[in-house]
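This report concerns only the one structure given below.
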Amino acid sequence: MARLAGKVAIVAGAAFGIGRATATIMAREGARVIVGDYDAEAAAATAESIRDGGGEAHWIHFDATSEDSVRELIAKARERYGRVDIMHNNVGGTEPGKDVNVVELDLGAWDRVLRLTLYSAMYGCRHVIPVMLQTGGGAIVNTASMSGVIGDAGLTAYGAAKAGVISLTRYVATQYGRRNIRCNAVAPGLITTERANEVVAPPVQKIFEEHNLVPRNGRPEDIGHVVAFLASDEAAFITGQTITVDGGASVHGPTLVDMTKLGLKI
Ligand SMILES: NC(=O)c1ccc[n+]([C@@H]2O[C@H](COP(=O)([O-])OP(=O)(O)OC[C@H]3O[C@@H](n4cnc5c(N)ncnc54)[C@H](O)[C@@H]3O)[C@@H](O)[C@H]2O)c1
């Protein structure tokens, strides 16, 4: 049974990685999908591969850091289908080497990372909510990160922005829940997307893997399935939540791996 049959979904940041997986899974679940991205060629390829698989998808070029562009993305989706039921605000990222510790971080990078990661989600919520209200409600899913929950040696701007996404999610859920708009977030651990493979070196990926309870790192589909579930009516009583999808990395004590290597029985 197609869980998203009849629904119109925008996936913002769907050309690669997690967004592409989500768009593909949502289409498989029966949604008509708008693939939004600033990489037109890759967005077109994602939409084409969804259509090749028997799904319905169209791509729209947009820039998540521009409020006008986000507004236009949503307006174009509404123009095409008359409604928007699902919005996945998935654009986000950081600038390795510049987004470092709080003393040394590049303030230009701080601004850009917040704009790309937090403002983009806020624009997506701000402009899709009025459209969703016109047809009786909808579901928003924001991509947060475990970086928004824990502390780290660097990535200060990214962590603060993702913590902001988690908070934004609760505020939207609180403000519009009574009008049938649910808003949830997903917080991935390391997911081996093209982008992650560019910025996370293999030895570092191995460290992540060792700390997972599930014996591997995450795949884009691991997130896509959770986003599709949160967007579906099966999640009708879930709102304001951030669902951690990290293979269990964050549920155990930080000493577990070192203790295990020492062969200590605890
Ligand atoms: N991969 C991971 O390990 C991981 C972990 C935690 C959170 N996340 C988050 O998941 C989301 C997706 O990450 P990903 O690993 O798939 O990376 P990604 O960089 O491939 O995904 C981002 C998508 O957004 C698009 N995009 C980037 N800037 C844009 C802009 N200004 N306007 C429109 N589109 C833009 C990219 O082309 C891409 O398709 C991000 O928010 C990221 O912070 C990823």
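FYI, nothing fancy with the structure tokens labels: chains A, B, ... in order, residues from 1 per chain, ligands from 1 as they appear.
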
Residues near Met87 (chain A), cut-off 6 Å, only C-alpha atoms, skip fewer than 2 positions along chain, as a PyMOL selection string: chain A and resi 9-10+140

Output for the residues just chosen: N, CA, C and O atoms as a PDB file, in the first residue's frame:
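Listed below is the output, selection.pdb:
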```
ATOM      1  N   ALA A   9       4.723  16.380  -2.492  1.00  0.00           N
ATOM      2  CA  ALA A   9       5.863  16.577  -1.592  1.00  0.00           C
ATOM      3  C   ALA A   9       6.934  17.425  -2.262  1.00  0.00           C
ATOM      4  O   ALA A   9       7.287  17.180  -3.423  1.00  0.00           O
ATOM      5  N   ILE A  10       7.444  18.401  -1.520  1.00  0.00           N
ATOM      6  CA  ILE A  10       8.643  19.121  -1.975  1.00  0.00           C
ATOM      7  C   ILE A  10       9.813  18.588  -1.159  1.00  0.00           C
ATOM      8  O   ILE A  10       9.748  18.554   0.079  1.00  0.00           O
ATOM      9  N   ILE A 140       5.730  18.716   7.834  1.00  0.00           N
ATOM     10  CA  ILE A 140       7.061  19.252   7.530  1.00  0.00           C
ATOM     11  C   ILE A 140       8.083  18.368   8.231  1.00  0.00           C
ATOM     12  O   ILE A 140       7.887  17.982   9.391  1.00  0.00           O
TER      13      ILE A 140
END
```

Test item, strand (DSSP E or B) assignment across region 58-233 of chain A, answer as a ChimeraX atom specification: /A:58-61,86-89,138-143,181-188,191,218

Step by step, measure atom-to-atom distances between ligand 1 and each residue using only C-alpha atoms and all ligand atoms, keep those at most 7 Å, then write them as a PyMOL selection string. chain A and resi 12-19+36-39+62-65+90-93+116-117+143-146+187-196+220

Got a sec: who's within 12 Å of Tyr171 (chain A), counting only C-alpha atoms, leaving out chain neighbours fewer than 3 positions off, as a ChimeraX atom specification? /A:122,125-126,164-168,174-177,181-185,239-241

Nearby residues (only C-alpha atoms) at most 7 Å from Arg32 (chain A), same-chain spacing under 4 positions excluded, as an MDAnalysis selection string: chainID A and resid 7:9 27 56:57

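Residues with any atom within 10 Å of region 129-133 of chain A, counting only C-alpha atoms and excluding same-chain neighbours fewer than 6 positions away, are A:Ile74, A:Ala75, A:Arg78, A:Gly82, A:Arg83, A:Val84, A:Asp85, A:Ile86, A:Met87, A:Ala139, A:Ile140, A:Val172, A:Tyr176, A:Arg179, A:Asn180, A:Ile181.
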
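Minimum atom-to-atom distances from A:Ile207, A:Ala236, A:Ala228, A:Val102 to Asp258 (chain A) were compared using only C-alpha atoms, and the lowest value belongs to A:Ile207.
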
Let me make sure I understand: among A:Arg80, A:His61, A:His88, A:Arg178, which one has the smallest atom-to-atom distance to Val226 (chain A) if we use only C-alpha atoms?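 Of A:Arg80, A:His61, A:His88, A:Arg178, the one nearest Val226 (chain A) is A:His88, counting only C-alpha atoms.
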
Name the residues of region 32-238 of chain A that come out as helix (DSSP H, G or I) in a backbone DSSP run; write them as a PyMOL selection string. chain A and resi 40-52+67-81+107-134+146-148+156-179+194-199+202-211+220-231+233-235

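Nearest to Lys162 (chain A) of all the residues A:Tyr81, A:Phe229, A:Tyr119, A:Phe237 is A:Tyr119, counting only C-alpha atoms.
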
I'd like to know which of A:Leu114, A:Val199, A:Leu155, A:Leu73 is closest to Lys98 (chain A), using only C-alpha atoms.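 Smallest distance to Lys98 (chain A) is found for A:Leu155.
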
Taking only C-alpha atoms into account, name the residue in A:Thr242, A:Ser232, A:Ser250, A:Gln205 that is nearest to Met26 (chain A). A:Ser232
